[in-house]
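Raw entry_8.cif, mmCIF, C-alpha atoms and all ligand atoms:
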```cif
data_my_file
loop_
_atom_site.label_atom_id
_atom_site.label_comp_id
_atom_site.auth_asym_id
_atom_site.auth_seq_id
_atom_site.Cartn_x
_atom_site.Cartn_y
_atom_site.Cartn_z
CA MET A 1 120.72 90.66 105.43
CA THR A 2 117.18 90.37 104.00
CA GLU A 3 116.67 92.12 100.68
CA MET A 4 113.86 94.67 101.00
CA PRO A 5 111.33 95.57 98.28
CA HIS A 6 111.56 99.02 96.66
CA PRO A 7 108.21 100.72 97.28
CA ARG A 8 107.06 104.14 96.07
CA GLY A 9 106.40 105.13 99.70
CA LYS A 10 109.06 105.82 102.32
CA LEU A 11 111.11 102.97 103.78
CA THR A 12 113.50 103.94 106.59
CA SER A 13 115.87 101.65 108.50
CA GLY A 14 116.51 101.87 112.24
CA ARG A 15 113.73 104.43 112.79
CA PRO A 16 113.11 105.36 116.47
CA LEU A 17 109.43 104.95 117.33
CA SER A 18 109.20 107.08 120.49
CA ASP A 19 107.97 110.21 118.71
CA LEU A 20 105.26 108.16 116.98
CA THR A 21 103.60 107.03 120.21
CA TRP A 22 101.46 108.91 122.71
CA LEU A 23 103.67 107.82 125.63
CA ARG A 24 106.81 109.03 123.80
CA VAL A 25 108.88 105.95 124.68
CA GLY A 26 110.41 103.10 122.73
CA GLY A 27 113.47 102.07 120.73
CA PRO A 28 113.89 101.80 116.96
CA ALA A 29 112.07 99.59 114.47
CA ASP A 30 114.33 97.67 112.08
CA TRP A 31 112.29 99.32 109.32
CA LEU A 32 109.50 101.88 109.14
CA PHE A 33 107.38 101.73 105.97
CA GLN A 34 105.00 104.57 105.09
CA PRO A 35 103.13 103.35 102.01
CA ALA A 36 102.13 105.83 99.31
CA ASP A 37 98.74 104.20 98.74
CA HIS A 38 96.86 100.89 98.82
CA GLU A 39 98.62 99.42 95.74
CA ASP A 40 102.03 100.34 97.11
CA LEU A 41 101.22 98.61 100.40
CA ALA A 42 99.88 95.46 98.70
CA ALA A 43 102.91 95.18 96.39
CA PHE A 44 105.31 95.71 99.31
CA LEU A 45 103.72 92.94 101.39
CA ARG A 46 103.62 90.60 98.39
CA ASP A 47 107.35 91.14 97.74
CA LEU A 48 108.50 91.15 101.37
CA ASP A 49 110.29 88.00 102.55
CA PRO A 50 107.55 86.05 104.41
CA SER A 51 109.91 85.44 107.35
CA VAL A 52 110.03 89.17 108.16
CA ALA A 53 107.61 90.21 110.92
CA VAL A 54 105.20 93.05 110.17
CA PHE A 55 103.56 95.30 112.75
CA THR A 56 101.04 97.98 111.80
CA MET A 57 100.71 100.99 114.02
CA GLY A 58 98.12 103.73 114.00
CA VAL A 59 98.93 106.84 116.00
CA GLY A 60 100.32 104.80 118.90
CA SER A 61 97.68 105.78 121.46
CA ASN A 62 97.40 102.24 122.84
CA LEU A 63 101.03 101.16 122.73
CA ILE A 64 104.13 100.84 124.87
CA VAL A 65 107.06 100.21 122.52
CA ARG A 66 109.81 98.73 124.67
CA ASP A 67 113.20 100.43 124.90
CA GLY A 68 114.99 97.84 122.73
CA GLY A 69 112.66 98.55 119.79
CA LEU A 70 111.06 96.20 117.32
CA ARG A 71 112.60 93.54 115.09
CA ALA A 72 110.02 94.04 112.38
CA VAL A 73 108.84 96.22 109.55
CA VAL A 74 106.51 98.74 111.17
CA ILE A 75 103.84 99.98 108.78
CA ARG A 76 102.39 103.42 109.42
CA MET A 77 99.83 104.86 107.07
CA GLY A 78 99.36 108.56 106.40
CA ARG A 79 98.18 110.59 103.43
CA GLY A 80 96.74 108.17 100.89
CA PHE A 81 94.79 106.43 103.68
CA ASN A 82 92.89 109.27 105.34
CA SER A 83 89.92 109.97 103.08
CA ILE A 84 86.40 110.11 104.56
CA THR A 85 83.35 109.64 102.32
CA ILE A 86 79.71 109.63 103.38
CA GLU A 87 76.89 108.15 101.34
CA GLY A 88 73.36 107.40 102.49
CA GLY A 89 74.20 107.12 106.19
CA ARG A 90 77.32 105.05 105.56
CA VAL A 91 80.71 106.48 106.40
CA THR A 92 83.84 105.03 104.81
CA ALA A 93 87.12 106.16 106.31
CA GLY A 94 90.75 105.35 105.52
CA ALA A 95 92.75 103.56 108.22
CA ALA A 96 94.78 106.70 108.95
CA ALA A 97 91.77 109.00 109.39
CA LEU A 98 91.58 110.14 113.00
CA ASP A 99 88.55 108.86 114.95
CA ALA A 100 87.73 112.40 116.09
CA HIS A 101 87.78 113.70 112.53
CA VAL A 102 85.51 110.88 111.34
CA ALA A 103 83.05 111.58 114.17
CA ARG A 104 82.94 115.30 113.32
CA LYS A 105 82.49 114.77 109.56
CA ALA A 106 79.79 112.16 110.20
CA ALA A 107 77.96 114.52 112.58
CA GLN A 108 78.00 117.31 110.00
CA ALA A 109 76.23 114.89 107.63
CA GLY A 110 73.73 113.91 110.36
CA VAL A 111 75.25 110.46 111.06
CA ASP A 112 75.81 109.51 114.69
CA LEU A 113 79.34 108.17 115.18
CA THR A 114 79.79 110.44 118.19
CA PHE A 115 81.34 107.62 120.25
CA LEU A 116 84.51 108.02 118.18
CA ARG A 117 84.92 111.72 119.06
CA THR A 118 86.95 111.33 122.26
CA ILE A 119 89.07 108.32 121.22
CA PRO A 120 92.48 109.67 120.20
CA GLY A 121 93.41 106.91 117.74
CA ALA A 122 92.96 106.36 114.01
CA ILE A 123 90.39 104.14 112.27
CA GLY A 124 92.64 101.09 111.70
CA GLY A 125 93.44 100.93 115.41
CA ALA A 126 89.79 101.53 116.33
CA VAL A 127 88.67 98.50 114.31
CA ARG A 128 91.52 96.29 115.53
CA MET A 129 90.84 97.21 119.17
CA ASN A 130 87.00 97.38 118.92
CA ALA A 131 87.39 100.83 120.42
CA GLY A 132 84.46 102.39 122.18
CA CYS A 133 83.23 104.53 124.97
CA TYR A 134 80.06 105.61 126.76
CA GLY A 135 78.45 102.24 125.93
CA THR A 136 79.01 102.20 122.14
CA TYR A 137 81.73 100.22 120.39
CA VAL A 138 83.04 99.91 116.82
CA ALA A 139 81.17 96.58 116.65
CA ASP A 140 77.85 98.46 116.96
CA ALA A 141 78.45 100.59 113.86
CA PHE A 142 80.70 98.33 111.78
CA VAL A 143 79.66 97.34 108.25
CA GLU A 144 82.90 96.06 106.70
CA ALA A 145 86.62 96.73 106.41
CA GLN A 146 89.20 96.34 103.70
CA ALA A 147 92.52 94.77 104.59
CA VAL A 148 95.71 93.61 102.92
CA THR A 149 96.91 90.18 104.03
CA ARG A 150 100.53 89.46 104.93
CA GLY A 151 100.88 87.98 101.42
CA GLY A 152 99.65 91.17 99.74
CA GLU A 153 96.11 90.12 98.84
CA THR A 154 93.24 92.62 99.30
CA VAL A 155 90.26 91.20 101.22
CA THR A 156 86.95 92.41 102.63
CA LEU A 157 86.33 91.63 106.30
CA ARG A 158 82.85 91.39 107.86
CA ALA A 159 81.99 91.41 111.54
CA ASP A 160 82.05 87.58 111.70
CA ASP A 161 85.63 87.52 110.40
CA LEU A 162 86.79 89.92 113.11
CA ASN A 163 84.81 88.38 116.00
CA PHE A 164 84.58 91.68 117.94
CA ARG A 165 84.99 91.37 121.71
CA TYR A 166 85.81 93.68 124.58
CA ARG A 167 88.79 95.67 123.27
CA GLN A 168 89.85 92.93 120.88
CA THR A 169 89.30 91.22 117.54
CA ASP A 170 90.65 88.21 115.65
CA LEU A 171 92.54 90.16 112.96
CA PRO A 172 95.24 87.73 111.74
CA GLU A 173 98.84 88.70 112.48
CA GLY A 174 100.47 90.83 109.79
CA TRP A 175 97.16 91.84 108.15
CA VAL A 176 96.74 95.57 107.59
CA ILE A 177 93.36 97.30 107.70
CA THR A 178 93.26 99.99 105.01
CA GLN A 179 89.72 101.33 105.37
CA ALA A 180 86.44 100.68 107.19
CA THR A 181 82.77 101.43 106.61
CA PHE A 182 80.38 102.30 109.45
CA GLU A 183 76.68 102.94 109.69
CA GLY A 184 75.25 105.18 112.38
CA ARG A 185 71.80 106.32 113.42
CA THR A 186 70.70 109.57 111.86
CA GLY A 187 70.65 112.64 114.08
CA ASP A 188 70.40 116.38 114.01
CA PRO A 189 73.94 117.77 113.40
CA GLU A 190 73.57 120.33 116.18
CA ASP A 191 72.44 117.70 118.71
CA LEU A 192 75.34 115.45 117.71
CA ASP A 193 77.73 118.38 118.07
CA ARG A 194 76.41 119.14 121.53
CA ARG A 195 76.75 115.49 122.60
CA MET A 196 80.38 115.44 121.45
CA ALA A 197 81.12 118.66 123.37
CA ASP A 198 79.56 117.09 126.51
CA GLN A 199 81.65 113.95 126.10
CA LEU A 200 84.84 115.99 125.72
CA ALA A 201 84.02 117.97 128.85
CA ARG A 202 83.30 114.74 130.78
CA ARG A 203 86.67 113.36 129.70
CA ASP A 204 88.54 116.48 130.73
CA ALA A 205 86.85 116.41 134.13
CA THR A 206 87.71 112.79 134.89
CA GLN A 207 90.84 111.84 132.93
CA PRO A 208 94.37 113.27 132.64
CA THR A 209 93.76 114.33 129.03
CA LYS A 210 96.64 116.82 129.05
CA GLU A 211 99.21 114.22 130.12
CA ARG A 212 101.08 111.66 128.01
CA SER A 213 99.19 108.38 128.46
CA ALA A 214 97.82 105.46 126.44
CA GLY A 215 94.30 105.59 127.87
CA SER A 216 93.11 102.84 130.19
CA THR A 217 96.08 100.76 131.26
CA PHE A 218 94.15 97.62 132.26
CA ARG A 219 90.88 96.14 131.05
CA ASN A 220 88.03 96.37 133.49
CA PRO A 221 88.01 92.97 135.22
CA ALA A 222 85.22 90.57 134.29
CA GLY A 223 82.28 90.55 136.66
CA PHE A 224 78.55 90.05 136.30
CA SER A 225 76.83 90.96 132.98
CA SER A 226 73.26 92.20 133.15
CA THR A 227 72.88 91.95 129.35
CA GLY A 228 74.98 88.90 128.56
CA ARG A 229 77.08 90.92 126.08
CA ASP A 230 80.80 90.30 126.35
CA ASP A 231 81.33 94.09 126.28
CA ASP A 232 79.18 94.50 129.38
CA VAL A 233 80.68 91.67 131.42
CA HIS A 234 83.53 93.98 132.32
CA ASP A 235 81.59 95.99 134.87
CA LEU A 236 84.08 95.91 137.73
CA LYS A 237 86.25 98.99 137.47
CA ALA A 238 90.02 98.65 137.15
CA TRP A 239 90.51 102.11 138.73
CA LYS A 240 88.58 100.95 141.82
CA VAL A 241 90.68 97.84 142.44
CA ILE A 242 93.85 99.91 141.83
CA ASP A 243 92.64 102.46 144.41
CA ASP A 244 91.84 99.65 146.85
CA ALA A 245 95.40 98.40 146.44
CA GLY A 246 96.70 101.89 147.35
CA MET A 247 98.35 102.42 143.96
CA ARG A 248 96.76 105.73 142.88
CA GLY A 249 99.67 108.13 142.34
CA ALA A 250 102.34 105.38 142.66
CA SER A 251 105.44 106.13 140.61
CA ARG A 252 108.63 104.60 139.23
CA GLY A 253 111.21 106.77 137.43
CA GLY A 254 109.22 109.12 135.22
CA ALA A 255 106.15 106.84 135.22
CA GLN A 256 103.11 107.41 137.42
CA MET A 257 99.60 106.01 137.97
CA SER A 258 97.67 109.24 137.50
CA GLU A 259 96.32 111.00 140.60
CA LYS A 260 93.32 112.06 138.51
CA HIS A 261 92.38 108.59 137.19
CA SER A 262 94.22 105.67 138.74
CA ASN A 263 93.89 103.39 135.67
CA PHE A 264 95.90 105.87 133.56
CA LEU A 265 99.64 105.24 133.39
CA ILE A 266 101.37 108.50 132.50
CA ASN A 267 104.81 109.65 131.42
CA LYS A 268 105.49 112.58 133.74
CA GLY A 269 108.65 113.33 131.75
CA GLY A 270 111.73 111.23 131.07
CA ALA A 271 110.04 107.86 131.67
CA THR A 272 111.41 104.84 129.85
CA ALA A 273 109.26 101.98 128.60
CA THR A 274 110.87 99.91 131.38
CA ASP A 275 109.62 102.41 134.00
CA LEU A 276 106.10 102.34 132.56
CA GLU A 277 105.81 98.58 132.15
CA GLY A 278 107.56 97.94 135.49
CA LEU A 279 105.11 100.19 137.32
CA GLY A 280 102.18 98.51 135.57
CA GLU A 281 103.46 95.09 136.67
CA GLU A 282 103.87 96.37 140.25
CA VAL A 283 100.22 97.50 140.17
CA ARG A 284 99.09 94.09 138.90
CA LYS A 285 101.00 92.41 141.74
CA LYS A 286 99.57 94.71 144.44
CA VAL A 287 96.02 94.32 143.09
CA PHE A 288 96.38 90.54 143.10
CA GLN A 289 97.67 90.61 146.69
CA THR A 290 94.79 92.78 147.92
CA SER A 291 91.83 91.47 145.91
CA GLY A 292 92.88 88.25 144.17
CA ILE A 293 92.04 89.91 140.84
CA GLU A 294 94.51 89.44 137.97
CA LEU A 295 94.41 92.65 135.97
CA GLU A 296 94.95 92.23 132.23
CA TRP A 297 96.85 94.84 130.26
CA GLU A 298 94.75 96.82 127.79
CA ILE A 299 97.78 98.78 126.54
CA MET A 300 99.70 96.62 124.05
CA ARG A 301 103.37 96.19 124.90
CA ILE A 302 105.57 95.34 121.94
CA GLY A 303 109.26 94.93 121.14
CA ASP A 304 112.42 93.97 123.01
CA PRO A 305 113.31 95.12 126.53
CA GLY A 306 116.12 97.69 126.60
C1 LIG A 401 93.80 109.74 126.51
C2 LIG A 401 93.36 108.41 125.89
C3 LIG A 401 92.04 108.02 126.00
C4 LIG A 401 91.61 106.81 125.43
N1 LIG A 401 90.30 106.46 125.54
C5 LIG A 401 89.86 105.35 124.92
C6 LIG A 401 88.46 104.99 124.96
O1 LIG A 401 87.63 105.68 125.52
N2 LIG A 401 88.08 103.86 124.35
C7 LIG A 401 88.96 103.06 123.70
O2 LIG A 401 88.54 102.04 123.14
N3 LIG A 401 90.27 103.34 123.66
C8 LIG A 401 90.75 104.47 124.24
N4 LIG A 401 92.08 104.78 124.20
C9 LIG A 401 93.04 103.82 123.60
C10 LIG A 401 93.31 104.03 122.09
O3 LIG A 401 93.06 105.37 121.71
C11 LIG A 401 92.48 103.10 121.23
O4 LIG A 401 92.78 101.74 121.49
C12 LIG A 401 92.69 103.36 119.73
O5 LIG A 401 91.70 102.68 119.00
C13 LIG A 401 94.07 102.98 119.25
O6 LIG A 401 94.23 103.51 117.96
P1 LIG A 401 95.66 103.86 117.40
O7 LIG A 401 95.49 104.35 115.99
O8 LIG A 401 96.40 104.76 118.29
O9 LIG A 401 96.33 102.42 117.37
P2 LIG A 401 97.77 101.98 117.95
O10 LIG A 401 97.85 102.29 119.39
O11 LIG A 401 98.85 102.51 117.07
O12 LIG A 401 97.68 100.40 117.76
C14 LIG A 401 96.79 99.65 118.56
C15 LIG A 401 96.58 98.28 117.93
O13 LIG A 401 95.91 98.41 116.69
C16 LIG A 401 96.68 97.82 115.64
N5 LIG A 401 96.50 98.63 114.45
C17 LIG A 401 96.52 99.98 114.34
N6 LIG A 401 96.25 100.36 113.09
C18 LIG A 401 96.06 99.21 112.38
C19 LIG A 401 95.76 98.92 111.02
N7 LIG A 401 95.60 99.89 110.11
N8 LIG A 401 95.65 97.63 110.63
C20 LIG A 401 95.82 96.63 111.53
N9 LIG A 401 96.10 96.83 112.84
C21 LIG A 401 96.22 98.11 113.25
C22 LIG A 401 98.12 97.83 116.14
O14 LIG A 401 98.88 96.81 115.50
C23 LIG A 401 97.89 97.54 117.62
O15 LIG A 401 97.64 96.15 117.76
C24 LIG A 401 92.54 105.98 124.75
C25 LIG A 401 93.88 106.40 124.64
C26 LIG A 401 94.29 107.60 125.19
C27 LIG A 401 95.72 108.04 125.03
#
```
Could you express the structure from this file as structure tokens?
Ligand SMILES: Cc1cc2nc3c(=O)[nH]c(=O)nc-3n(C[C@H](O)[C@H](O)[C@H](O)COP(=O)(O)OP(=O)(O)OC[C@H]3O[C@@H](n4cnc5c(N)ncnc54)[C@H](O)[C@@H]3O)c2cc1C
Amino acid sequence: MTEMPHPRGKLTSGRPLSDLTWLRVGGPADWLFQPADHEDLAAFLRDLDPSVAVFTMGVGSNLIVRDGGLRAVVIRMGRGFNSITIEGGRVTAGAAALDAHVARKAAQAGVDLTFLRTIPGAIGGAVRMNAGCYGTYVADAFVEAQAVTRGGETVTLRADDLNFRYRQTDLPEGWVITQATFEGRTGDPEDLDRRMADQLARRDATQPTKERSAGSTFRNPAGFSSTGRDDDVHDLKAWKVIDDAGMRGASRGGAQMSEKHSNFLINKGGATATDLEGLGEEVRKKVFQTSGIELEWEIMRIGDPG
């Protein structure tokens, strides 16, 4: 058995991951590491056998962990990585700071990062996924990020290194984002507050925000871009092609394509990862049969089948 380093943070073997994800499914990770701080994380990665796989998770709002779990060290950051500092219009947030919290603190200081308010993840996941909504993406506000490489070295990443695209970046495997700096337009705190309240209300009206989901299940399929931006190419709507295939409300075990928003896969209670992924694959098949469109998963699926 591989000898593990002895960090100051918490290292647990055979830790179930289901309670750490929004969908509440998934088997155990070989190891879960919760680093105490940046130095602890860097030393751990430096000392960890290079053959051991590393997977960093945020708050699991874009993940299906399969029922067999993960043969890897899962890194999950908490206290020690959730500071938020604001200086001259620039907001620097730790990887574990929640997007909503960052948006609210920025708004109080008159900095517009309102697009982060309704995204339920944390900052590391937001950068990795180029998260965004209502037409603004992390790429639009990104200044730089700090990361620890798989070998334990601390590096600064600029936009060119990450190559932001629609819901994806080129972050190398095993690298861990520890903090990111953003710059937003200035705005009146009360106006920014009002905009965030509007966005929350819009979400509640159109999405199953009270259900267990992982947000949009599939990327919007590529169509015509009026601006030429990669982000805007995806102007066909996944929910529309799912509706056209008759899959709104379809279910398997405890998994369902939401009646409220057909691109949201939800755990109605007691779903397994196999139910959720199986239903998603059934939707992809039906959509392909009816429209010839091959939907691509936006939710990341990781780990071994049960
Ligand atoms: C109700 C709901 C609504 C949503 N709406 C939106 C939306 O409007 N727009 C949008 O973009 N997304 C949306 N999402 C999806 C999700 O919230 C985002 O993708 C979010 O950025 C994921 O963050 P997370 O912390 O949960 O990351 P996780 O789901 O834990 O991980 C996602 C990916 O990021 C990587 N990652 C996480 N943290 C780090 C880190 N520190 N270093 C390196 N890699 C890391 C993981 O390895 C994984 O590849 C929604 C989800 C839900 C449940």
Exercise for review: All residues within 8 Å of ligand LIG 401 (chain A) are required, counting only C-alpha atoms and all ligand atoms; please report them as an MDAnalysis selection string.
Suggested key: chainID A and resid 21:23 55:63 76:77 95:96 98 118:134 137 147 167 171 174:179 207:209 211:216 299:300
Check your understanding: What does the distance from CA of Pro221 in chain A to CA of Glu173 in chain A come to in Å, to one decimal?
Key ->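 These atoms are spaced 25.5 Å apart.
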Do you have, as CSV, the list of residues of range 55-155 of chain A lying at most 12 Å from range 27-32 of chain A, each with its nearest atom pair and that distance in Å to one decimal, counting only C-alpha atoms and ordered by chain then number?
```
residue,atom,partner,partner_atom,distance
A:Phe55,CA,A:Leu32,CA,9.6
A:Thr56,CA,A:Leu32,CA,9.7
A:Met57,CA,A:Leu32,CA,10.1
A:Ile64,CA,A:Gly27,CA,10.3
A:Val65,CA,A:Gly27,CA,6.9
A:Arg66,CA,A:Gly27,CA,6.3
A:Asp67,CA,A:Gly27,CA,4.5
A:Gly68,CA,A:Gly27,CA,4.9
A:Gly69,CA,A:Gly27,CA,3.7
A:Leu70,CA,A:Ala29,CA,4.5
A:Arg71,CA,A:Asp30,CA,5.4
A:Ala72,CA,A:Asp30,CA,5.6
A:Val73,CA,A:Trp31,CA,4.6
A:Val74,CA,A:Leu32,CA,4.8
A:Ile75,CA,A:Leu32,CA,6.0
A:Arg76,CA,A:Leu32,CA,7.3
A:Met77,CA,A:Leu32,CA,10.3
```
Filtering to C-alpha atoms, could you give me those residues as a short mmCIF file (atom, residue, chain, number, x, y, z; two decimals), keeping the file's coordinate frame?
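Okay, this is what ended up in selection.cif:
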```
data_model
loop_
_atom_site.label_atom_id
_atom_site.label_comp_id
_atom_site.auth_asym_id
_atom_site.auth_seq_id
_atom_site.Cartn_x
_atom_site.Cartn_y
_atom_site.Cartn_z
CA PHE A 55 103.56 95.30 112.75
CA THR A 56 101.04 97.98 111.80
CA MET A 57 100.71 100.99 114.02
CA ILE A 64 104.13 100.84 124.87
CA VAL A 65 107.06 100.21 122.52
CA ARG A 66 109.81 98.73 124.67
CA ASP A 67 113.20 100.43 124.90
CA GLY A 68 114.99 97.84 122.73
CA GLY A 69 112.66 98.55 119.79
CA LEU A 70 111.06 96.20 117.32
CA ARG A 71 112.60 93.54 115.09
CA ALA A 72 110.02 94.04 112.38
CA VAL A 73 108.84 96.22 109.55
CA VAL A 74 106.51 98.74 111.17
CA ILE A 75 103.84 99.98 108.78
CA ARG A 76 102.39 103.42 109.42
CA MET A 77 99.83 104.86 107.07
#
```
Exercise for review: Please work out which residues fall within 12 Å of (85.7, 97.6, 141.5), coordinates as given in the file, with only C-alpha atoms counting, and return them as a PyMOL selection string.
Suggested key: chain A and resi 219-224+234-245+263+287+291+293+295
**Study point:** Shell of 9 Å around Gly253 in chain A, only C-alpha atoms, local chain residues under 6 positions omitted, as a PyMOL selection string
**Key:** chain A and resi 268+270-272+275-276+279
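Residue nearest Gly110 in chain A, chosen from A:Gly14, A:Pro189, A:Gly184, A:Gly292 and counting all atoms listed in the file: A:Pro189.
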